[in-house]
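> Input file: input_38.pdb. Contents: PDB, C-alpha atoms and all ligand atoms.
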MODEL        1
ATOM      1  CA  MET A 299     -11.699   5.113 -22.438
ATOM      2  CA  LEU A 300      -9.956   7.157 -19.746
ATOM      3  CA  PRO A 301      -6.432   8.341 -20.635
ATOM      4  CA  SER A 302      -5.251   7.471 -17.130
ATOM      5  CA  ARG A 303      -6.614   5.995 -13.927
ATOM      6  CA  TYR A 304      -4.897   8.623 -11.771
ATOM      7  CA  PHE A 305      -7.473  11.085 -10.396
ATOM      8  CA  VAL A 306      -5.025  13.999 -10.754
ATOM      9  CA  ASP A 307      -4.502  13.299 -14.483
ATOM     10  CA  LEU A 308      -8.198  13.663 -15.274
ATOM     11  CA  THR A 309     -10.601  16.551 -15.857
ATOM     12  CA  GLN A 310     -13.681  17.291 -13.779
ATOM     13  CA  PRO A 311     -16.161  15.977 -16.412
ATOM     14  CA  GLU A 312     -14.116  12.776 -16.799
ATOM     15  CA  ILE A 313     -14.217  12.192 -13.045
ATOM     16  CA  ALA A 314     -17.912  13.037 -12.741
ATOM     17  CA  ALA A 315     -18.731  10.585 -15.556
ATOM     18  CA  GLN A 316     -16.507   7.869 -14.073
ATOM     19  CA  PHE A 317     -18.187   8.140 -10.636
ATOM     20  CA  LYS A 318     -21.518   7.491 -12.388
ATOM     21  CA  THR A 319     -20.116   4.525 -14.357
ATOM     22  CA  ASN A 320     -18.305   2.908 -11.420
ATOM     23  CA  PRO A 321     -18.057   4.663  -8.039
ATOM     24  CA  LEU A 322     -14.835   2.855  -7.046
ATOM     25  CA  VAL A 323     -11.776   4.697  -5.723
ATOM     26  CA  ILE A 324      -8.422   3.224  -4.766
ATOM     27  CA  LEU A 325      -6.247   4.908  -2.147
ATOM     28  CA  PRO A 326      -2.563   3.951  -2.327
ATOM     29  CA  ALA A 327      -0.679   4.125   0.978
ATOM     30  CA  GLY A 328       3.096   4.049   1.290
ATOM     31  CA  SER A 329       5.870   5.970   3.003
ATOM     32  CA  VAL A 330       9.006   8.042   2.534
ATOM     33  CA  GLU A 331      11.845   6.251   4.283
ATOM     34  CA  GLN A 332      15.392   5.129   3.732
ATOM     35  CA  HIS A 333      15.762   1.961   1.677
ATOM     36  CA  GLY A 334      19.518   1.451   1.712
ATOM     37  CA  PRO A 335      21.997   2.726  -0.913
ATOM     38  CA  HIS A 336      20.198   1.183  -3.916
ATOM     39  CA  LEU A 337      16.488   2.121  -3.684
ATOM     40  CA  PRO A 338      14.675   5.495  -3.555
ATOM     41  CA  THR A 339      13.107   6.773  -0.349
ATOM     42  CA  GLY A 340       9.688   6.736  -2.037
ATOM     43  CA  THR A 341       9.826   2.989  -2.780
ATOM     44  CA  ASP A 342       6.689   2.106  -0.797
ATOM     45  CA  THR A 343       4.646   5.000  -2.222
ATOM     46  CA  LEU A 344       5.748   4.159  -5.758
ATOM     47  CA  ALA A 345       4.831   0.491  -5.283
ATOM     48  CA  ALA A 346       1.385   1.358  -3.910
ATOM     49  CA  ASN A 347       0.669   3.779  -6.780
ATOM     50  CA  VAL A 348       1.845   1.494  -9.563
ATOM     51  CA  ILE A 349      -0.065  -1.515  -8.229
ATOM     52  CA  GLY A 350      -3.059   0.730  -7.479
ATOM     53  CA  HIS A 351      -3.116   1.900 -11.106
ATOM     54  CA  ALA A 352      -2.905  -1.655 -12.440
ATOM     55  CA  VAL A 353      -5.752  -2.712 -10.126
ATOM     56  CA  ALA A 354      -7.799   0.348 -11.186
ATOM     57  CA  GLU A 355      -7.456  -0.688 -14.848
ATOM     58  CA  ARG A 356      -8.715  -4.162 -14.017
ATOM     59  CA  MET A 357     -11.597  -3.009 -11.773
ATOM     60  CA  ASP A 358     -12.531   0.187 -13.654
ATOM     61  CA  GLY A 359     -11.716   2.525 -10.742
ATOM     62  CA  LEU A 360      -9.771   5.724 -10.052
ATOM     63  CA  VAL A 361      -6.528   6.073  -8.078
ATOM     64  CA  LEU A 362      -6.761   8.868  -5.524
ATOM     65  CA  PRO A 363      -3.895  11.298  -4.916
ATOM     66  CA  ALA A 364      -2.600  10.005  -1.602
ATOM     67  CA  THR A 365      -0.008  11.646   0.560
ATOM     68  CA  PRO A 366       3.385  10.185  -0.313
ATOM     69  CA  LEU A 367       4.107  10.157   3.431
ATOM     70  CA  GLY A 368       3.285   7.430   5.902
ATOM     71  CA  VAL A 369       3.779   6.541   9.550
ATOM     72  CA  THR A 370       7.366   5.428   9.903
ATOM     73  CA  PRO A 371       9.024   6.297  13.204
ATOM     74  CA  MET A 372      10.826   2.948  12.717
ATOM     75  CA  HIS A 373      13.136   4.478  10.102
ATOM     76  CA  MET A 374      13.769   7.896  11.666
ATOM     77  CA  PRO A 375      17.319   7.019  12.822
ATOM     78  CA  PHE A 376      18.300   7.334   9.143
ATOM     79  CA  GLU A 377      18.380  10.420   6.916
ATOM     80  CA  GLY A 378      15.995   9.971   4.028
ATOM     81  CA  THR A 379      13.009   9.348   6.279
ATOM     82  CA  ILE A 380      10.031  11.671   6.839
ATOM     83  CA  THR A 381       7.297  10.415   9.146
ATOM     84  CA  LEU A 382       3.798  11.647   9.933
ATOM     85  CA  THR A 383       2.225  10.939  13.291
ATOM     86  CA  ALA A 384      -0.430   8.217  13.200
ATOM     87  CA  ASP A 385      -3.127  10.820  13.914
ATOM     88  CA  THR A 386      -2.106  13.143  11.056
ATOM     89  CA  PHE A 387      -1.863  10.277   8.580
ATOM     90  CA  MET A 388      -5.255   8.943   9.630
ATOM     91  CA  ARG A 389      -6.874  12.348   9.197
ATOM     92  CA  VAL A 390      -5.356  12.841   5.725
ATOM     93  CA  VAL A 391      -6.656   9.433   4.656
ATOM     94  CA  ILE A 392     -10.146  10.071   6.045
ATOM     95  CA  GLU A 393     -10.457  13.592   4.600
ATOM     96  CA  THR A 394      -9.135  12.556   1.153
ATOM     97  CA  CYS A 395     -11.587   9.686   0.804
ATOM     98  CA  ALA A 396     -14.515  11.500   2.451
ATOM     99  CA  ALA A 397     -14.230  14.288  -0.158
ATOM    100  CA  THR A 398     -14.734  11.744  -2.936
ATOM    101  CA  ALA A 399     -17.636  10.159  -1.038
ATOM    102  CA  ARG A 400     -19.382  13.543  -1.164
ATOM    103  CA  HIS A 401     -19.067  13.423  -4.952
ATOM    104  CA  GLY A 402     -20.437   9.923  -5.328
ATOM    105  CA  ALA A 403     -17.598   7.468  -4.653
ATOM    106  CA  LYS A 404     -19.093   4.459  -2.835
ATOM    107  CA  TYR A 405     -16.481   1.707  -2.928
ATOM    108  CA  LEU A 406     -13.043   2.296  -1.431
ATOM    109  CA  LEU A 407     -10.075  -0.029  -1.822
ATOM    110  CA  VAL A 408      -7.193   1.026   0.428
ATOM    111  CA  LEU A 409      -4.026  -0.453  -1.060
ATOM    112  CA  ASN A 410      -1.152  -0.369   1.400
ATOM    113  CA  TRP A 411       2.541  -1.203   0.936
ATOM    114  CA  HIS A 412       3.889  -0.053   4.318
ATOM    115  CA  GLU A 413       3.442  -2.032   7.532
ATOM    116  CA  GLY A 414       3.711   1.051   9.787
ATOM    117  CA  ASN A 415       0.478   2.400   8.265
ATOM    118  CA  ILE A 416      -1.635  -0.626   9.193
ATOM    119  CA  PRO A 417      -3.086   0.524  12.568
ATOM    120  CA  SER A 418      -3.962   4.056  11.346
ATOM    121  CA  LEU A 419      -5.510   2.701   8.152
ATOM    122  CA  ALA A 420      -7.682   0.311  10.174
ATOM    123  CA  ILE A 421      -9.118   3.206  12.192
ATOM    124  CA  ALA A 422      -9.562   5.351   9.065
ATOM    125  CA  ALA A 423     -11.330   2.484   7.266
ATOM    126  CA  GLU A 424     -13.813   2.118  10.136
ATOM    127  CA  ALA A 425     -14.565   5.855  10.090
ATOM    128  CA  LEU A 426     -14.982   5.946   6.305
ATOM    129  CA  HIS A 427     -17.522   3.147   6.505
ATOM    130  CA  ARG A 428     -19.436   4.186   9.607
ATOM    131  CA  GLU A 429     -19.346   7.971   9.266
ATOM    132  CA  HIS A 430     -19.146   8.393   5.489
ATOM    133  CA  GLY A 431     -21.065   5.332   4.303
ATOM    134  CA  MET A 432     -18.370   3.914   2.019
ATOM    135  CA  THR A 433     -17.952   0.181   1.461
ATOM    136  CA  VAL A 434     -14.324  -0.224   2.456
ATOM    137  CA  LEU A 435     -11.758  -2.939   1.849
ATOM    138  CA  THR A 436      -8.096  -2.678   2.793
ATOM    139  CA  VAL A 437      -5.445  -4.857   1.164
ATOM    140  CA  GLN A 438      -1.883  -5.150   2.456
ATOM    141  CA  ALA A 439      -0.365  -5.357  -1.015
ATOM    142  CA  CYS A 440       3.118  -6.002   0.389
ATOM    143  CA  TYR A 441       1.823  -9.229   1.948
ATOM    144  CA  VAL A 442       0.159 -10.243  -1.323
ATOM    145  CA  ALA A 443       3.575  -9.713  -2.927
ATOM    146  CA  GLU A 444       5.154 -11.875  -0.252
ATOM    147  CA  GLU A 445       2.611 -14.660  -0.812
ATOM    148  CA  LEU A 446       3.235 -14.653  -4.563
ATOM    149  CA  TYR A 447       6.957 -13.811  -4.776
ATOM    150  CA  GLY A 448       8.384 -14.475  -1.294
ATOM    151  CA  GLY A 449       9.508 -17.944  -2.373
ATOM    152  CA  SER A 450      11.544 -16.744  -5.356
ATOM    153  CA  CYS A 451      12.742 -13.482  -3.724
ATOM    154  CA  ASN A 452      14.012 -14.655  -0.329
ATOM    155  CA  GLY A 453      10.959 -13.253   1.478
ATOM    156  CA  LEU A 454       9.580  -9.734   1.918
ATOM    157  CA  THR A 455      12.485  -7.780   3.412
ATOM    158  CA  HIS A 456      13.095  -4.059   3.817
ATOM    159  CA  GLY A 457      15.097  -3.057   0.740
ATOM    160  CA  GLY A 458      15.178  -6.620  -0.633
ATOM    161  CA  GLU A 459      14.311  -8.059  -4.038
ATOM    162  CA  ILE A 460      10.508  -7.664  -3.838
ATOM    163  CA  GLU A 461      10.878  -3.935  -3.174
ATOM    164  CA  ALA A 462      13.510  -3.553  -5.897
ATOM    165  CA  LEU A 463      11.185  -5.299  -8.377
ATOM    166  CA  ALA A 464       8.297  -2.975  -7.493
ATOM    167  CA  VAL A 465      10.406   0.073  -8.412
ATOM    168  CA  LEU A 466      12.122  -1.545 -11.419
ATOM    169  CA  ALA A 467       8.747  -2.254 -13.015
ATOM    170  CA  HIS A 468       8.116   1.453 -13.725
ATOM    171  CA  ARG A 469      11.164   3.510 -12.731
ATOM    172  CA  ASP A 470      14.262   1.438 -13.395
ATOM    173  CA  ASP A 471      16.250   4.708 -13.462
ATOM    174  CA  LEU A 472      15.717   4.943  -9.684
ATOM    175  CA  VAL A 473      17.156   1.506  -8.890
ATOM    176  CA  HIS A 474      20.921   1.240  -8.428
ATOM    177  CA  LEU A 475      21.770  -2.448  -8.324
ATOM    178  CA  ASP A 476      25.453  -1.513  -8.739
ATOM    179  CA  ARG A 477      25.341   0.290  -5.373
ATOM    180  CA  ILE A 478      24.016  -2.653  -3.317
ATOM    181  CA  ASP A 479      26.087  -2.667  -0.162
ATOM    182  CA  TYR A 480      26.090  -3.304   3.582
ATOM    183  CA  SER A 481      23.017  -5.596   3.759
ATOM    184  CA  SER A 482      22.385  -6.659   7.342
ATOM    185  CA  GLU A 483      22.542 -10.307   8.237
ATOM    186  CA  HIS A 484      19.697 -12.293   6.647
ATOM    187  CA  GLN A 485      19.136 -14.864   9.363
ATOM    188  CA  HIS A 486      18.646 -12.282  12.111
ATOM    189  CA  GLY A 487      16.451 -10.104   9.852
ATOM    190  CA  HIS A 488      14.132 -12.970   8.952
ATOM    191  CA  LYS A 489      13.933 -14.021  12.603
ATOM    192  CA  MET A 490      12.884 -10.499  13.661
ATOM    193  CA  ASP A 491      10.409 -10.139  10.770
ATOM    194  CA  ARG A 492       8.799 -13.417  11.828
ATOM    195  CA  LEU A 493       8.610 -12.127  15.402
ATOM    196  CA  ARG A 494       6.721  -8.969  14.358
ATOM    197  CA  ARG A 495       4.461 -10.520  11.732
ATOM    198  CA  THR A 496       2.496 -13.037  13.789
ATOM    199  CA  ARG A 497      -1.253 -12.763  14.255
ATOM    200  CA  ALA A 498      -1.220 -13.383  17.987
ATOM    201  CA  TYR A 499       1.704 -11.324  19.282
ATOM    202  CA  GLN A 500       2.712  -7.781  18.315
ATOM    203  CA  PRO A 501       5.983  -6.659  19.891
ATOM    204  CA  VAL A 502       6.936  -2.974  19.712
ATOM    205  CA  LEU A 503      10.393  -2.573  18.195
ATOM    206  CA  THR A 504      12.447   0.547  18.882
ATOM    207  CA  ASP A 505      13.392   0.979  15.241
ATOM    208  CA  ILE A 506      14.525  -0.806  12.089
ATOM    209  CA  ARG A 507      17.951  -1.424  13.607
ATOM    210  CA  SER A 508      16.347  -4.120  15.805
ATOM    211  CA  ILE A 509      15.738  -5.994  12.536
ATOM    212  CA  ALA A 510      18.573  -4.744  10.346
ATOM    213  CA  PRO A 511      21.382  -2.765  12.058
ATOM    214  CA  THR A 512      22.368  -1.190   8.702
ATOM    215  CA  GLY A 513      18.760  -0.230   7.880
ATOM    216  CA  TRP A 514      18.054  -2.887   5.258
ATOM    217  CA  PHE A 515      18.638  -6.504   4.338
ATOM    218  CA  GLY A 516      18.033  -8.746   1.374
ATOM    219  CA  SER A 517      19.460  -9.894  -1.921
ATOM    220  CA  PRO A 518      18.082  -7.807  -4.796
ATOM    221  CA  GLN A 519      21.161  -8.416  -7.007
ATOM    222  CA  ARG A 520      19.256 -10.504  -9.542
ATOM    223  CA  ALA A 521      16.182  -8.258  -9.813
ATOM    224  CA  THR A 522      15.245  -7.346 -13.398
ATOM    225  CA  VAL A 523      12.739  -5.052 -15.104
ATOM    226  CA  ASP A 524      11.006  -8.049 -16.701
ATOM    227  CA  LYS A 525      10.551  -9.846 -13.396
ATOM    228  CA  GLY A 526       9.351  -6.573 -11.857
ATOM    229  CA  ARG A 527       6.672  -6.108 -14.517
ATOM    230  CA  ARG A 528       5.619  -9.734 -14.120
ATOM    231  CA  MET A 529       5.339  -9.256 -10.363
ATOM    232  CA  ILE A 530       3.179  -6.116 -10.684
ATOM    233  CA  THR A 531       0.894  -7.906 -13.155
ATOM    234  CA  ASP A 532       0.552 -10.946 -10.897
ATOM    235  CA  ILE A 533      -0.126  -8.852  -7.778
ATOM    236  CA  ALA A 534      -2.666  -6.671  -9.599
ATOM    237  CA  ASP A 535      -4.448  -9.728 -11.036
ATOM    238  CA  ALA A 536      -4.651 -11.327  -7.592
ATOM    239  CA  ILE A 537      -5.862  -8.170  -5.821
ATOM    240  CA  ALA A 538      -8.418  -7.307  -8.519
ATOM    241  CA  GLN A 539      -9.865 -10.811  -8.385
ATOM    242  CA  SER A 540     -10.047 -11.007  -4.587
ATOM    243  CA  ALA A 541     -11.303  -7.428  -4.158
ATOM    244  CA  THR A 542     -14.063  -7.963  -6.736
ATOM    245  CA  GLU A 543     -15.177 -11.103  -4.892
ATOM    246  CA  ILE A 544     -15.005  -9.466  -1.464
ATOM    247  CA  PHE A 545     -16.939  -6.353  -2.555
ATOM    248  CA  ALA A 546     -19.624  -8.676  -3.979
ATOM    249  CA  GLN A 547     -19.735 -10.599  -0.693
ATOM    250  CA  LEU A 548     -20.041  -7.331   1.258
ATOM    251  CA  ASP A 549     -22.864  -6.193  -1.029
ATOM    252  CA  ALA A 550     -24.665  -9.475  -0.388
ATOM    253  CA  VAL A 551     -24.573  -9.190   3.405
ATOM    254  CA  GLN A 552     -24.732  -5.485   4.169
ATOM    255  CA  GLY A 553     -26.502  -2.431   2.864
ATOM    256  CA  GLY A 554     -23.579  -0.029   2.811
ATOM    257  CA  THR A 555     -24.568   3.616   3.005
ATOM    258  CA  ALA A 556     -28.282   2.938   3.398
ATOM    259  CA  GLU A 557     -27.749   0.534   6.268
ATOM    260  CA  VAL A 558     -25.364   2.872   8.055
ATOM    261  CA  LYS A 559     -27.961   5.651   7.776
ATOM    262  CA  ARG A 560     -30.679   3.309   9.092
ATOM    263  CA  LEU A 561     -28.477   2.316  12.034
ATOM    264  CA  ARG A 562     -27.876   5.968  12.758
ATOM    265  CA  GLN A 563     -31.624   6.651  12.819
ATOM    266  CA  VAL A 564     -32.339   3.682  15.107
ATOM    267  CA  LYS A 565     -29.724   4.938  17.549
TER     268      LYS A 565
HETATM  269 ZN    ZN A 601       9.685  -0.406   1.675
ENDMDL
END
Please express what this file holds, its structure, as structure tokens.
Ligand SMILES: [Zn+2]


Amino acid sequence: MLPSRYFVDLTQPEIAAQFKTNPLVILPAGSVEQHGPHLPTGTDTLAANVIGHAVAERMDGLVLPATPLGVTPMHMPFEGTITLTADTFMRVVIETCAATARHGAKYLLVLNWHEGNIPSLAIAAEALHREHGMTVLTVQACYVAEELYGGSCNGLTHGGEIEALAVLAHRDDLVHLDRIDYSSEHQHGHKMDRLRRTRAYQPVLTDIRSIAPTGWFGSPQRATVDKGRRMITDIADAIAQSATEIFAQLDAVQGGTAEVKRLRQVK
């Protein structure tokens, strides 16, 4: 039994043994950005780590130490935001995961909670498969949360109830429901979120103020620790089940490392 699923909590022999038992690593991806007056700037990173750990327990994997930073030029108008460029973020992701591949990690689940990371993660995932032979699956955990809890939480909104629940589940001391203030208008926010979350069209927005002039919108007033813990459990159950099935499907149709090496030789 491992004392923790976080890579940085473990010793070298524990990690070496775990890679032999199950060569699965999970990379959480989030961001450091303003989340209104009531949530910490590390909300997305915290959510990705907490869900990543719960998924690692269910799938017998390890959670890699990811950079807390993400790609978030969207939020730079507000203090409390630190952004990496897409290129820097992509390189950190590739080099972090590639190091574990050298030590035997074969399966990589990238677990993302921040929409601004999606394009860079897609490029990194391709490189980690094609150049480093890993079997890679990326899950947009924030969208899984929206599927499961969007109905009861008034959608997935920046600084809204779903994000408050994700933090409440493990760090309720960082959530200040008594400071909820100046939410932007819901109707406009939802309209803009719909505009940017379609499959067919991807508009470029100047920054978060196009969606929420005050930087956030939502109604997290009724969020509780209990509901937060339930949400994390439900999201982790759903991701663990789907990821297990998808990894099995990938194994059935492609050879992973061996096939990539063969392709390289043919070329
Ligand atoms: Zn967020």

> Point out the residue among A:His351, A:Glu424, A:Val502, A:His401 with the least atom-to-atom distance to Gln310 of chain A, counting all atoms listed in the file.

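The shortest atom-to-atom distance to Gln310 of chain A comes from A:His401.
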
> Using all atoms listed in the file, find each residue of chain A with at least one atom at most 6 Å away from an atom of ligand ZN 601 (chain A); report its shortest atom-to-atom pair and that distance in Å (one decimal), sort the rows by chain and rising residue number, and return the result as a tab-separated table.


residue	atom	partner	partner_atom	distance
A:Thr341	CA	A:ZN601	ZN	5.6
A:Asp342	CA	A:ZN601	ZN	4.6
A:His456	CA	A:ZN601	ZN	5.4

> Please identify all polymer residues within 9 Å of Pro321 of chain A, counting only C-alpha atoms, omitting same-chain residues fewer than 2 positions from it, and present them as an mmCIF file with C-alpha atoms, keeping the file's coordinate frame.


data_model
loop_
_atom_site.group_PDB
_atom_site.id
_atom_site.type_symbol
_atom_site.label_atom_id
_atom_site.label_comp_id
_atom_site.auth_asym_id
_atom_site.auth_seq_id
_atom_site.Cartn_x
_atom_site.Cartn_y
_atom_site.Cartn_z
ATOM 1 C CA GLN A 316 -16.507 7.869 -14.073
ATOM 2 C CA PHE A 317 -18.187 8.140 -10.636
ATOM 3 C CA LYS A 318 -21.518 7.491 -12.388
ATOM 4 C CA THR A 319 -20.116 4.525 -14.357
ATOM 5 C CA VAL A 323 -11.776 4.697 -5.723
ATOM 6 C CA GLY A 359 -11.716 2.525 -10.742
ATOM 7 C CA LEU A 360 -9.771 5.724 -10.052
ATOM 8 C CA ALA A 399 -17.636 10.159 -1.038
ATOM 9 C CA GLY A 402 -20.437 9.923 -5.328
ATOM 10 C CA ALA A 403 -17.598 7.468 -4.653
ATOM 11 C CA LYS A 404 -19.093 4.459 -2.835
ATOM 12 C CA TYR A 405 -16.481 1.707 -2.928
ATOM 13 C CA LEU A 406 -13.043 2.296 -1.431
#

> When the PyMOL selection byres (((chain A and resi 433-446) around 6) and not hetatm) is applied to the structure above, which residues does it catch, written out as a PyMOL selection string?

chain A and resi 405-411+427+432+447-448+454+554

> Env of Ala364 of chain A: 10 Å cut, atoms = only C-alpha atoms, seq-sep filter 6 positions within chain, self excluded. Answer as number ranges by chain.

A: 324-328, 343, 346-347, 390-391, 394-395

> Starting from the PyMOL selection byres (((chain A and resi 511) around 10) and not hetatm), expand the selection into actual residues of this file and give them as a list of chain:residue names.

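With the PyMOL selection byres (((chain A and resi 511) around 10) and not hetatm) on this model, the match is A:Tyr480, A:Ser481, A:Ser482, A:Glu483, A:His486, A:Gly487, A:Asp505, A:Ile506, A:Arg507, A:Ser508, A:Ile509, A:Ala510, A:Thr512, A:Gly513, A:Trp514, A:Phe515.
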
> Measuring atom to atom with all atoms listed in the file, identify which of A:Gln563, A:Gln485, A:Thr531, A:Thr365 is nearest to Leu463 of chain A.

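Nearest candidate to Leu463 of chain A out of A:Gln563, A:Gln485, A:Thr531, A:Thr365: A:Thr531.
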
> Which residues, named as in the file, does the PyMOL selection byres (((chain A and resi 469) around 12) and not hetatm) pick out? Answer as a list in words.

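Selected by the PyMOL selection byres (((chain A and resi 469) around 12) and not hetatm) here: Leu337, Pro338, Gly340, Thr341, Leu344, Ala345, Val348, Ala462, Leu463, Ala464, Val465, Leu466, Ala467, His468, Asp470, Asp471, Leu472, Val473, His474, Thr522, Val523, Gly526 and Arg527 of chain A.
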
> So that I can see what lies close to Thr379 of chain A, please list as a PDB file with C-alpha atoms, keeping the file's coordinate frame the residues with an atom at most 9 Å from it, counting all atoms listed in the file and leaving out residues fewer than 5 positions away in the same chain.


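Result file selection.pdb:
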ATOM      1  CA  SER A 329       5.870   5.970   3.003  1.00  0.00           C
ATOM      2  CA  VAL A 330       9.006   8.042   2.534  1.00  0.00           C
ATOM      3  CA  GLU A 331      11.845   6.251   4.283  1.00  0.00           C
ATOM      4  CA  GLN A 332      15.392   5.129   3.732  1.00  0.00           C
ATOM      5  CA  THR A 339      13.107   6.773  -0.349  1.00  0.00           C
ATOM      6  CA  THR A 370       7.366   5.428   9.903  1.00  0.00           C
ATOM      7  CA  PRO A 371       9.024   6.297  13.204  1.00  0.00           C
ATOM      8  CA  HIS A 373      13.136   4.478  10.102  1.00  0.00           C
ATOM      9  CA  MET A 374      13.769   7.896  11.666  1.00  0.00           C
TER      10      MET A 374
END

> Please determine, counting all atoms listed in the file, which residue among A:Arg389, A:Pro335, A:Thr398, A:Arg356 has the shortest atom-to-atom distance to Phe305 of chain A.

A:Thr398

> With all atoms listed in the file as the basis for distance, which of A:Val369, A:Gln519, A:Gly431, A:Val306 is at the shortest distance from Asp476 of chain A?

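The closest residue to Asp476 of chain A is A:Gln519.
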
> Go ahead and compute the interatomic distance for atom CA of Arg303 of chain A and atom CA of Gly378 of chain A, in Å to one decimal.

29.1 Å

> May I ask which of the residues A:Ala352, A:Gln500, A:Ile392, A:Met299 is the closest one to Arg428 of chain A, counting all atoms listed in the file?

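Residue with the minimum atom-to-atom distance to Arg428 of chain A: A:Ile392.
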
> If I take atom CA of Arg400 of chain A and atom CA of Leu322 of chain A, how far is one from the other in Å, to one decimal?

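For atom CA of Arg400 of chain A relative to atom CA of Leu322 of chain A, the distance reads 13.0 Å.
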
> Please reconstruct the missing atoms of segment 389-395 of chain A (target: all heavy atoms) and return them as a PDB file, keeping the file's coordinate frame.


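Produced file rebuild_5.pdb, reproduced below:
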ATOM      1  N   ARG A 389      -5.979  11.252   9.595  1.00  0.00           N
ATOM      2  CA  ARG A 389      -6.874  12.348   9.197  1.00  0.00           C
ATOM      3  C   ARG A 389      -6.749  12.652   7.704  1.00  0.00           C
ATOM      4  O   ARG A 389      -7.751  12.917   7.028  1.00  0.00           O
ATOM      5  CB  ARG A 389      -6.584  13.609  10.012  1.00  0.00           C
ATOM      6  CG  ARG A 389      -6.966  13.452  11.491  1.00  0.00           C
ATOM      7  CD  ARG A 389      -6.782  14.759  12.228  1.00  0.00           C
ATOM      8  NE  ARG A 389      -7.708  15.772  11.737  1.00  0.00           N
ATOM      9  CZ  ARG A 389      -8.960  15.898  12.158  1.00  0.00           C
ATOM     10  NH1 ARG A 389      -9.431  15.081  13.080  1.00  0.00           N
ATOM     11  NH2 ARG A 389      -9.740  16.816  11.660  1.00  0.00           N
ATOM     12  N   VAL A 390      -5.538  12.595   7.166  1.00  0.00           N
ATOM     13  CA  VAL A 390      -5.356  12.841   5.725  1.00  0.00           C
ATOM     14  C   VAL A 390      -6.103  11.768   4.920  1.00  0.00           C
ATOM     15  O   VAL A 390      -6.793  12.072   3.942  1.00  0.00           O
ATOM     16  CB  VAL A 390      -3.851  12.856   5.353  1.00  0.00           C
ATOM     17  CG1 VAL A 390      -3.665  12.892   3.840  1.00  0.00           C
ATOM     18  CG2 VAL A 390      -3.161  14.066   5.980  1.00  0.00           C
ATOM     19  N   VAL A 391      -5.973  10.526   5.358  1.00  0.00           N
ATOM     20  CA  VAL A 391      -6.656   9.433   4.656  1.00  0.00           C
ATOM     21  C   VAL A 391      -8.173   9.631   4.709  1.00  0.00           C
ATOM     22  O   VAL A 391      -8.867   9.553   3.689  1.00  0.00           O
ATOM     23  CB  VAL A 391      -6.269   8.062   5.274  1.00  0.00           C
ATOM     24  CG1 VAL A 391      -7.180   6.950   4.765  1.00  0.00           C
ATOM     25  CG2 VAL A 391      -4.806   7.743   4.968  1.00  0.00           C
ATOM     26  N   ILE A 392      -8.693   9.919   5.902  1.00  0.00           N
ATOM     27  CA  ILE A 392     -10.146  10.071   6.045  1.00  0.00           C
ATOM     28  C   ILE A 392     -10.639  11.253   5.201  1.00  0.00           C
ATOM     29  O   ILE A 392     -11.616  11.140   4.457  1.00  0.00           O
ATOM     30  CB  ILE A 392     -10.541  10.263   7.532  1.00  0.00           C
ATOM     31  CG1 ILE A 392     -10.291   8.967   8.310  1.00  0.00           C
ATOM     32  CG2 ILE A 392     -12.010  10.687   7.652  1.00  0.00           C
ATOM     33  CD1 ILE A 392     -10.477   9.100   9.814  1.00  0.00           C
ATOM     34  N   GLU A 393      -9.959  12.398   5.298  1.00  0.00           N
ATOM     35  CA  GLU A 393     -10.457  13.592   4.600  1.00  0.00           C
ATOM     36  C   GLU A 393     -10.335  13.445   3.079  1.00  0.00           C
ATOM     37  O   GLU A 393     -11.202  13.914   2.340  1.00  0.00           O
ATOM     38  CB  GLU A 393      -9.731  14.836   5.120  1.00  0.00           C
ATOM     39  CG  GLU A 393     -10.164  15.141   6.558  1.00  0.00           C
ATOM     40  CD  GLU A 393      -9.426  16.312   7.198  1.00  0.00           C
ATOM     41  OE1 GLU A 393      -8.898  17.166   6.471  1.00  0.00           O
ATOM     42  OE2 GLU A 393      -9.390  16.359   8.448  1.00  0.00           O
ATOM     43  N   THR A 394      -9.288  12.788   2.603  1.00  0.00           N
ATOM     44  CA  THR A 394      -9.135  12.556   1.153  1.00  0.00           C
ATOM     45  C   THR A 394     -10.297  11.717   0.624  1.00  0.00           C
ATOM     46  O   THR A 394     -10.951  12.062  -0.363  1.00  0.00           O
ATOM     47  CB  THR A 394      -7.807  11.824   0.865  1.00  0.00           C
ATOM     48  OG1 THR A 394      -6.729  12.595   1.374  1.00  0.00           O
ATOM     49  CG2 THR A 394      -7.615  11.597  -0.627  1.00  0.00           C
ATOM     50  N   CYS A 395     -10.555  10.607   1.293  1.00  0.00           N
ATOM     51  CA  CYS A 395     -11.587   9.686   0.804  1.00  0.00           C
ATOM     52  C   CYS A 395     -12.983  10.252   1.027  1.00  0.00           C
ATOM     53  O   CYS A 395     -13.880  10.081   0.183  1.00  0.00           O
ATOM     54  CB  CYS A 395     -11.448   8.326   1.485  1.00  0.00           C
ATOM     55  SG  CYS A 395      -9.844   7.556   1.155  1.00  0.00           S
TER      56      CYS A 395
END
